[in-house]
>>> print(open('run_8.csv').read())   # CSV, N, CA and C atoms
chain,number,residue,atom,x,y,z
T,1262,MET,N,21.9,19.8,10.1
T,1262,MET,CA,21.0,18.7,10.3
T,1262,MET,C,19.5,19.2,10.1
T,1263,ALA,N,19.2,20.3,10.6
T,1263,ALA,CA,17.8,20.8,10.5
T,1263,ALA,C,17.4,20.9,9.1
T,1264,LEU,N,18.3,21.5,8.2
T,1264,LEU,CA,18.0,21.7,6.8
T,1264,LEU,C,17.8,20.4,6.1
T,1265,ALA,N,18.6,19.4,6.4
T,1265,ALA,CA,18.4,18.1,5.8
T,1265,ALA,C,17.1,17.4,6.2
T,1266,LEU,N,16.7,17.5,7.4
T,1266,LEU,CA,15.4,17.0,7.9
T,1266,LEU,C,14.3,17.7,7.2
T,1267,PHE,N,14.4,19.0,7.1
T,1267,PHE,CA,13.4,19.8,6.4
T,1267,PHE,C,13.2,19.4,5.0
T,1268,ARG,N,14.3,19.3,4.3
T,1268,ARG,CA,14.3,18.9,2.9
T,1268,ARG,C,13.7,17.5,2.7
T,1269,ILE,N,14.0,16.6,3.6
T,1269,ILE,CA,13.5,15.2,3.5
T,1269,ILE,C,12.0,15.3,3.7
T,1270,THR,N,11.5,16.1,4.6
T,1270,THR,CA,10.1,16.3,4.9
T,1270,THR,C,9.4,16.9,3.7
T,1271,GLN,N,10.0,17.9,3.1
T,1271,GLN,CA,9.5,18.6,2.0
T,1271,GLN,C,9.3,17.6,0.8
T,1272,GLU,N,10.3,16.8,0.5
T,1272,GLU,CA,10.2,15.9,-0.6
T,1272,GLU,C,9.2,14.8,-0.3
T,1273,ALA,N,9.1,14.3,0.9
T,1273,ALA,CA,8.1,13.3,1.2
T,1273,ALA,C,6.7,13.9,1.1
T,1274,LEU,N,6.5,15.1,1.5
T,1274,LEU,CA,5.2,15.7,1.3
T,1274,LEU,C,4.9,15.9,-0.2
T,1275,HIS,N,5.8,16.4,-0.9
T,1275,HIS,CA,5.7,16.6,-2.4
T,1275,HIS,C,5.3,15.2,-3.0
T,1276,ASN,N,6.0,14.2,-2.7
T,1276,ASN,CA,5.7,12.9,-3.3
T,1276,ASN,C,4.3,12.4,-2.9
T,1277,ALA,N,3.9,12.6,-1.7
T,1277,ALA,CA,2.5,12.2,-1.2
T,1277,ALA,C,1.4,12.9,-2.0
T,1278,LEU,N,1.7,14.2,-2.2
T,1278,LEU,CA,0.7,15.0,-2.9
T,1278,LEU,C,0.7,14.8,-4.4
T,1279,GLN,N,1.9,14.7,-5.0
T,1279,GLN,CA,2.1,14.6,-6.4
T,1279,GLN,C,1.8,13.2,-7.0
T,1280,HIS,N,2.2,12.2,-6.3
T,1280,HIS,CA,2.2,10.8,-6.8
T,1280,HIS,C,1.2,9.9,-6.1
T,1281,ALA,N,1.0,10.1,-4.8
T,1281,ALA,CA,0.2,9.1,-4.1
T,1281,ALA,C,-1.3,9.3,-4.0
T,1282,ASP,N,-1.7,10.5,-4.4
T,1282,ASP,CA,-3.1,10.9,-4.2
T,1282,ASP,C,-3.6,10.7,-2.8
T,1283,ALA,N,-2.8,11.1,-1.8
T,1283,ALA,CA,-3.1,10.9,-0.4
T,1283,ALA,C,-4.1,11.9,0.0
T,1284,SER,N,-5.0,11.5,0.9
T,1284,SER,CA,-6.0,12.4,1.5
T,1284,SER,C,-5.6,12.8,2.9
T,1285,GLU,N,-4.7,12.1,3.6
T,1285,GLU,CA,-4.2,12.4,4.9
T,1285,GLU,C,-2.7,12.2,4.9
T,1286,ILE,N,-2.0,13.1,5.5
T,1286,ILE,CA,-0.5,13.0,5.7
T,1286,ILE,C,-0.2,13.5,7.1
T,1287,ALA,N,0.5,12.7,7.8
T,1287,ALA,CA,0.9,13.0,9.2
T,1287,ALA,C,2.4,13.1,9.3
T,1288,VAL,N,2.9,14.2,9.9
T,1288,VAL,CA,4.3,14.4,10.1
T,1288,VAL,C,4.6,14.5,11.6
T,1289,SER,N,5.6,13.8,12.1
T,1289,SER,CA,5.9,13.9,13.5
T,1289,SER,C,7.5,13.9,13.6
T,1290,LEU,N,7.9,14.7,14.5
T,1290,LEU,CA,9.4,14.7,14.9
T,1290,LEU,C,9.4,14.5,16.4
T,1291,THR,N,10.0,13.4,16.8
T,1291,THR,CA,10.1,13.0,18.2
T,1291,THR,C,11.5,12.9,18.7
T,1292,GLN,N,11.8,13.6,19.8
T,1292,GLN,CA,13.1,13.5,20.4
T,1292,GLN,C,13.1,12.5,21.5
T,1293,TYR,N,13.9,11.5,21.4
T,1293,TYR,CA,14.2,10.5,22.4
T,1293,TYR,C,15.5,10.8,23.1
T,1294,PRO,N,15.8,10.2,24.2
T,1294,PRO,CA,17.1,10.5,24.9
T,1294,PRO,C,18.3,10.3,24.0
T,1295,ASP,N,18.2,9.3,23.1
T,1295,ASP,CA,19.4,8.9,22.3
T,1295,ASP,C,19.2,9.1,20.8
T,1296,ARG,N,18.1,9.7,20.3
T,1296,ARG,CA,17.9,9.8,18.9
T,1296,ARG,C,16.7,10.8,18.6
T,1297,LEU,N,16.7,11.2,17.4
T,1297,LEU,CA,15.6,12.0,16.8
T,1297,LEU,C,14.9,11.0,15.8
T,1298,ARG,N,13.6,11.1,15.7
T,1298,ARG,CA,12.8,10.3,14.8
T,1298,ARG,C,11.8,11.2,14.0
T,1299,LEU,N,12.0,11.2,12.7
T,1299,LEU,CA,11.1,12.0,11.9
T,1299,LEU,C,10.3,10.9,11.1
T,1300,THR,N,9.0,11.1,11.1
T,1300,THR,CA,8.1,10.2,10.5
T,1300,THR,C,7.1,11.0,9.6
T,1301,ILE,N,7.0,10.6,8.3
T,1301,ILE,CA,6.0,11.2,7.4
T,1301,ILE,C,5.2,10.0,6.9
T,1302,VAL,N,3.9,10.0,7.2
T,1302,VAL,CA,3.0,8.8,6.8
T,1302,VAL,C,1.8,9.4,6.0
T,1303,ASP,N,1.6,8.7,4.9
T,1303,ASP,CA,0.4,9.1,4.1
T,1303,ASP,C,-0.5,7.9,3.8
T,1304,ASP,N,-1.7,8.2,3.4
T,1304,ASP,CA,-2.7,7.1,3.2
T,1304,ASP,C,-3.0,7.0,1.7
T,1305,GLY,N,-1.9,7.3,0.9
T,1305,GLY,CA,-2.1,7.2,-0.6
T,1305,GLY,C,-2.0,5.9,-1.2
T,1306,CYS,N,-1.7,5.8,-2.4
T,1306,CYS,CA,-1.7,4.5,-3.2
T,1306,CYS,C,-0.5,3.7,-3.0
T,1307,GLY,N,0.5,4.2,-2.2
T,1307,GLY,CA,1.7,3.4,-2.0
T,1307,GLY,C,2.6,3.6,-3.2
T,1308,ILE,N,3.8,3.0,-3.1
T,1308,ILE,CA,4.8,3.1,-4.2
T,1308,ILE,C,4.7,1.9,-5.1
T,1309,PRO,N,4.5,2.1,-6.4
T,1309,PRO,CA,4.4,1.0,-7.3
T,1309,PRO,C,5.6,0.0,-7.1
T,1310,GLY,N,5.3,-1.2,-7.1
T,1310,GLY,CA,6.3,-2.2,-6.9
T,1310,GLY,C,6.4,-2.7,-5.4
T,1311,GLY,N,5.6,-2.0,-4.6
T,1311,GLY,CA,5.5,-2.4,-3.2
T,1311,GLY,C,4.8,-3.7,-3.1
T,1312,ILE,N,4.7,-4.3,-1.9
T,1312,ILE,CA,4.1,-5.6,-1.8
T,1312,ILE,C,2.6,-5.3,-1.5
T,1313,ALA,N,1.7,-5.8,-2.3
T,1313,ALA,CA,0.2,-5.6,-2.1
T,1313,ALA,C,-0.2,-6.2,-0.8
T,1314,GLY,N,-0.8,-5.4,0.1
T,1314,GLY,CA,-1.3,-5.8,1.3
T,1314,GLY,C,-0.3,-6.1,2.4
T,1315,GLY,N,1.0,-5.8,2.1
T,1315,GLY,CA,2.1,-6.0,3.1
T,1315,GLY,C,2.9,-4.8,3.2
T,1316,ARG,N,4.1,-5.0,3.7
T,1316,ARG,CA,5.0,-3.9,3.9
T,1316,ARG,C,6.4,-4.3,3.2
T,1317,ALA,N,6.9,-3.3,2.6
T,1317,ALA,CA,8.2,-3.5,1.9
T,1317,ALA,C,9.1,-2.4,2.5
T,1318,THR,N,10.3,-2.7,3.0
T,1318,THR,CA,11.2,-1.7,3.6
T,1318,THR,C,12.1,-1.2,2.5
T,1319,GLY,N,12.9,-0.2,2.9
T,1319,GLY,CA,13.8,0.4,1.9
T,1319,GLY,C,14.8,-0.6,1.4
T,1320,GLY,N,15.1,-1.7,2.0
T,1320,GLY,CA,16.0,-2.7,1.5
T,1320,GLY,C,15.4,-3.5,0.4
T,1321,HIS,N,14.1,-3.5,0.2
T,1321,HIS,CA,13.5,-4.3,-0.9
T,1321,HIS,C,14.0,-3.8,-2.2
T,1322,ALA,N,14.3,-4.7,-3.1
T,1322,ALA,CA,15.0,-4.4,-4.4
T,1322,ALA,C,14.1,-3.4,-5.2
T,1323,ASP,N,12.8,-3.5,-5.1
T,1323,ASP,CA,11.9,-2.7,-5.9
T,1323,ASP,C,11.9,-1.2,-5.4
T,1324,LEU,N,12.4,-1.0,-4.2
T,1324,LEU,CA,12.4,0.4,-3.7
T,1324,LEU,C,13.8,1.0,-3.7
T,1325,GLU,N,14.8,0.4,-4.4
T,1325,GLU,CA,16.1,1.0,-4.4
T,1325,GLU,C,16.0,2.2,-5.3
T,1326,PRO,N,16.7,3.3,-4.9
T,1326,PRO,CA,16.7,4.6,-5.6
T,1326,PRO,C,17.0,4.5,-7.0
T,1327,GLY,N,18.0,3.6,-7.4
T,1327,GLY,CA,18.4,3.5,-8.8
T,1327,GLY,C,17.2,3.2,-9.8
T,1328,ARG,N,16.2,2.5,-9.3
T,1328,ARG,CA,15.1,2.2,-10.1
T,1328,ARG,C,14.3,3.4,-10.5
T,1329,PHE,N,14.2,4.3,-9.5
T,1329,PHE,CA,13.5,5.6,-9.8
T,1329,PHE,C,14.3,6.6,-10.5
T,1330,VAL,N,15.6,6.6,-10.2
T,1330,VAL,CA,16.5,7.6,-11.0
T,1330,VAL,C,16.5,7.2,-12.4
T,1331,ALA,N,16.5,6.0,-12.8
T,1331,ALA,CA,16.5,5.5,-14.2
T,1331,ALA,C,15.2,6.0,-14.9
T,1332,GLN,N,14.2,6.3,-14.1
T,1332,GLN,CA,12.9,6.7,-14.7
T,1332,GLN,C,12.8,8.3,-14.6
T,1333,GLY,N,13.8,8.9,-14.1
T,1333,GLY,CA,13.8,10.4,-14.0
T,1333,GLY,C,13.3,10.9,-12.7
T,1334,HIS,N,13.1,10.1,-11.7
T,1334,HIS,CA,12.6,10.5,-10.4
T,1334,HIS,C,13.7,10.4,-9.4
T,1335,PHE,N,14.1,11.6,-8.8
T,1335,PHE,CA,15.2,11.6,-7.9
T,1335,PHE,C,14.9,11.8,-6.5
T,1336,GLY,N,13.6,11.9,-6.1
T,1336,GLY,CA,13.2,12.2,-4.8
T,1336,GLY,C,13.6,11.2,-3.7
T,1337,LEU,N,13.4,10.0,-3.9
T,1337,LEU,CA,13.8,9.0,-2.9
T,1337,LEU,C,15.3,8.9,-2.8
T,1338,ALA,N,16.0,9.0,-3.9
T,1338,ALA,CA,17.5,9.0,-3.9
T,1338,ALA,C,18.0,10.2,-3.1
T,1339,GLY,N,17.4,11.4,-3.4
T,1339,GLY,CA,17.8,12.6,-2.7
T,1339,GLY,C,17.5,12.5,-1.2
T,1340,MET,N,16.4,11.9,-0.8
T,1340,MET,CA,16.1,11.7,0.6
T,1340,MET,C,17.2,10.8,1.3
T,1341,ARG,N,17.5,9.7,0.6
T,1341,ARG,CA,18.5,8.8,1.1
T,1341,ARG,C,19.9,9.5,1.2
T,1342,GLU,N,20.2,10.3,0.2
T,1342,GLU,CA,21.5,11.1,0.3
T,1342,GLU,C,21.5,12.0,1.4
T,1343,ARG,N,20.4,12.8,1.6
T,1343,ARG,CA,20.4,13.8,2.7
T,1343,ARG,C,20.5,13.1,4.1
T,1344,ALA,N,19.8,11.9,4.2
T,1344,ALA,CA,19.9,11.2,5.5
T,1344,ALA,C,21.3,10.7,5.7
T,1345,ALA,N,22.0,10.2,4.7
T,1345,ALA,CA,23.3,9.7,4.8
T,1345,ALA,C,24.3,10.8,5.2
T,1346,MET,N,24.1,12.0,4.7
T,1346,MET,CA,24.9,13.2,4.9
T,1346,MET,C,24.9,13.5,6.4
T,1347,ILE,N,23.8,13.3,7.1
T,1347,ILE,CA,23.8,13.7,8.5
T,1347,ILE,C,23.9,12.4,9.4
T,1348,GLY,N,24.2,11.3,8.8
T,1348,GLY,CA,24.4,10.1,9.6
T,1348,GLY,C,23.1,9.4,10.1
T,1349,ALA,N,22.0,9.7,9.4
T,1349,ALA,CA,20.7,9.1,9.7
T,1349,ALA,C,20.4,7.9,8.9
T,1350,LYS,N,19.5,7.1,9.4
T,1350,LYS,CA,19.0,6.0,8.7
T,1350,LYS,C,17.6,6.3,8.2
T,1351,LEU,N,17.3,6.1,6.9
T,1351,LEU,CA,16.1,6.3,6.3
T,1351,LEU,C,15.4,5.0,5.9
T,1352,ASP,N,14.2,4.8,6.3
T,1352,ASP,CA,13.5,3.6,6.0
T,1352,ASP,C,12.2,4.0,5.3
T,1353,VAL,N,11.9,3.2,4.2
T,1353,VAL,CA,10.6,3.5,3.5
T,1353,VAL,C,9.8,2.2,3.6
T,1354,GLN,N,8.6,2.4,4.1
T,1354,GLN,CA,7.6,1.3,4.2
T,1354,GLN,C,6.4,1.7,3.4
T,1355,THR,N,6.0,0.7,2.5
T,1355,THR,CA,5.0,1.0,1.6
T,1355,THR,C,4.2,-0.2,1.2
T,1356,ALA,N,3.0,0.0,0.9
T,1356,ALA,CA,2.1,-1.1,0.4
T,1356,ALA,C,1.1,-0.5,-0.5
T,1357,VAL,N,0.9,-1.2,-1.7
T,1357,VAL,CA,-0.1,-0.7,-2.6
T,1357,VAL,C,-1.5,-0.6,-2.0
T,1358,ASP,N,-2.1,0.6,-2.2
T,1358,ASP,CA,-3.4,0.9,-1.6
T,1358,ASP,C,-3.4,1.1,-0.1
T,1359,TYR,N,-2.3,1.1,0.6
T,1359,TYR,CA,-2.2,1.3,2.0
T,1359,TYR,C,-1.4,2.5,2.4
T,1360,GLY,N,-0.6,3.1,1.4
T,1360,GLY,CA,0.2,4.3,1.7
T,1360,GLY,C,1.6,4.0,1.9
T,1361,THR,N,2.3,5.1,2.4
T,1361,THR,CA,3.7,5.0,2.5
T,1361,THR,C,4.1,5.7,3.8
T,1362,ALA,N,5.1,5.2,4.5
T,1362,ALA,CA,5.7,5.8,5.7
T,1362,ALA,C,7.2,6.0,5.4
T,1363,ILE,N,7.7,7.2,5.6
T,1363,ILE,CA,9.1,7.5,5.5
T,1363,ILE,C,9.5,7.8,7.0
T,1364,ILE,N,10.5,7.0,7.4
T,1364,ILE,CA,11.0,7.1,8.8
T,1364,ILE,C,12.5,7.4,8.8
T,1365,VAL,N,12.9,8.5,9.4
T,1365,VAL,CA,14.3,8.9,9.5
T,1365,VAL,C,14.7,8.9,11.0
T,1366,GLN,N,15.7,8.1,11.3
T,1366,GLN,CA,16.2,8.1,12.6
T,1366,GLN,C,17.7,8.5,12.7
T,1367,LEU,N,17.9,9.4,13.6
T,1367,LEU,CA,19.3,10.0,13.7
T,1367,LEU,C,19.7,9.8,15.2
T,1368,ALA,N,20.7,9.0,15.3
T,1368,ALA,CA,21.3,8.8,16.7
T,1368,ALA,C,22.1,10.0,17.1
T,1369,CYS,N,21.9,10.4,18.3
T,1369,CYS,CA,22.7,11.6,18.8
T,1369,CYS,C,22.9,11.4,20.3
T,1370,LEU,N,24.0,12.0,20.7
T,1370,LEU,CA,24.4,12.1,22.1
T,1370,LEU,C,23.6,13.2,22.8
T,1371,GLN,N,23.2,13.0,24.0
T,1371,GLN,CA,22.4,14.0,24.7
T,1371,GLN,C,23.0,15.4,24.6
T,1372,ASP,N,24.4,15.4,24.7
T,1372,ASP,CA,25.0,16.7,24.6
T,1372,ASP,C,24.9,17.4,23.3
T,1373,HIS,N,24.5,16.6,22.2
T,1373,HIS,CA,24.5,17.2,20.9
T,1373,HIS,C,23.1,17.3,20.4
T,1374,VAL,N,22.1,17.1,21.2
T,1374,VAL,CA,20.7,17.3,20.8
T,1374,VAL,C,20.4,18.8,20.7
T,1375,PRO,N,20.0,19.3,19.6
T,1375,PRO,CA,19.8,20.7,19.5
T,1375,PRO,C,18.6,21.1,20.4
T,1376,SER,N,18.7,22.3,21.1
T,1376,SER,CA,17.7,22.8,21.9
T,1376,SER,C,17.2,24.1,21.4
T,1377,VAL,N,16.0,24.4,21.7
T,1377,VAL,CA,15.3,25.6,21.2
T,1377,VAL,C,15.4,26.6,22.3
T,1378,GLU,N,16.0,27.8,22.1
T,1378,GLU,CA,16.1,28.8,23.1
T,1378,GLU,C,15.0,29.8,22.8
T,1379,HIS,N,14.2,30.1,23.8
T,1379,HIS,CA,13.1,31.0,23.6
T,1379,HIS,C,13.5,32.4,24.1
T,1380,LYS,N,13.4,33.4,23.3
T,1380,LYS,CA,13.7,34.8,23.7
T,1380,LYS,C,12.5,35.6,23.6
T,1381,THR,N,12.4,36.6,24.4
T,1381,THR,CA,11.3,37.5,24.4
T,1381,THR,C,11.8,38.8,23.8
T,1382,ALA,N,11.0,39.3,22.8
T,1382,ALA,CA,11.4,40.5,22.1
T,1382,ALA,C,11.2,41.7,23.1
T,1383,PRO,N,12.2,42.6,23.0
T,1383,PRO,CA,12.0,43.8,23.9
T,1383,PRO,C,10.8,44.6,23.6
T,1384,THR,N,10.2,45.2,24.5
T,1384,THR,CA,9.0,46.0,24.3
T,1384,THR,C,9.4,47.5,24.2
T,1385,THR,N,8.6,48.2,23.5
T,1385,THR,CA,8.9,49.7,23.3
T,1385,THR,C,7.9,50.5,24.1
T,1386,GLY,N,6.9,49.9,24.7
T,1386,GLY,CA,5.9,50.7,25.4
T,1386,GLY,C,4.8,51.2,24.5
T,1387,ARG,N,5.0,50.9,23.2
T,1387,ARG,CA,3.9,51.4,22.3
T,1387,ARG,C,3.3,50.2,21.5
T,1388,GLU,N,3.1,49.1,22.2
T,1388,GLU,CA,2.5,47.9,21.6
T,1388,GLU,C,1.1,48.2,21.1
T,1389,ARG,N,0.8,47.5,20.1
T,1389,ARG,CA,-0.6,47.7,19.6
T,1389,ARG,C,-1.5,46.9,20.5
T,1390,GLY,N,-2.7,47.4,20.6
T,1390,GLY,CA,-3.6,46.8,21.6
T,1390,GLY,C,-4.8,46.4,21.0
>>> encode(input="run_8.csv", output="structure tokens")
Amino acid sequence: MALALFRITQEALHNALQHADASEIAVSLTQYPDRLRLTIVDDGCGIPGGIAGGRATGGHADLEPGRFVAQGHFGLAGMRERAAMIGAKLDVQTAVDYGTAIIVQLACLQDHVPSVEHKTAPTTGRERG
């Protein structure tokens, strides 16, 4: 799961830098009691074919991955594939001149939410000071 979320984030950042001419990008990962939510938002030019001044979701025909794959761009299709592999929902919101938001939501049971275990490294008594 972590690798899929990392790769989705990596591709969204790449797209924002390579194609959107974004000056600001915000990434957040939020854990809720019943789900994880990954959000990558940029202030770039938006995805061509998006609705000017409005919002288009991933269900909008112009944002279907097949359109981009036919043009040799596999990023959006790859993000959708990775999300599907882990049972997550990926939503793309975009508007020309307003930027793009990639939102990934993964439902999870509380017992299955990964936790981070903090360990302290053993000391040798010869720490640098």
>>> atom_distance(input="run_8.csv", atom1="atom C of T:Gln1292", atom2="atom N of T:Arg1341")
21.5 Å
>>> closest_residue(input="run_8.csv", among="T:Gly1307, T:Arg1298, T:Phe1267, T:Gly1339", to="T:Ala1356", atoms="all atoms listed in the file")
T:Gly1307
>>> atom_distance(input="run_8.csv", atom1="atom N of T:Asp1282", atom2="atom N of T:Ile1308")
9.4 Å
>>> closest_residue(input="run_8.csv", among="T:Gln1271, T:Thr1361, T:Thr1355, T:Ser1289", to="T:Asp1303", atoms="only C-alpha atoms")
T:Thr1361
>>> closest_residue(input="run_8.csv", among="T:Arg1343, T:Pro1309, T:Gln1354, T:Arg1296", to="T:Gln1366", atoms="all atoms listed in the file")
T:Arg1296
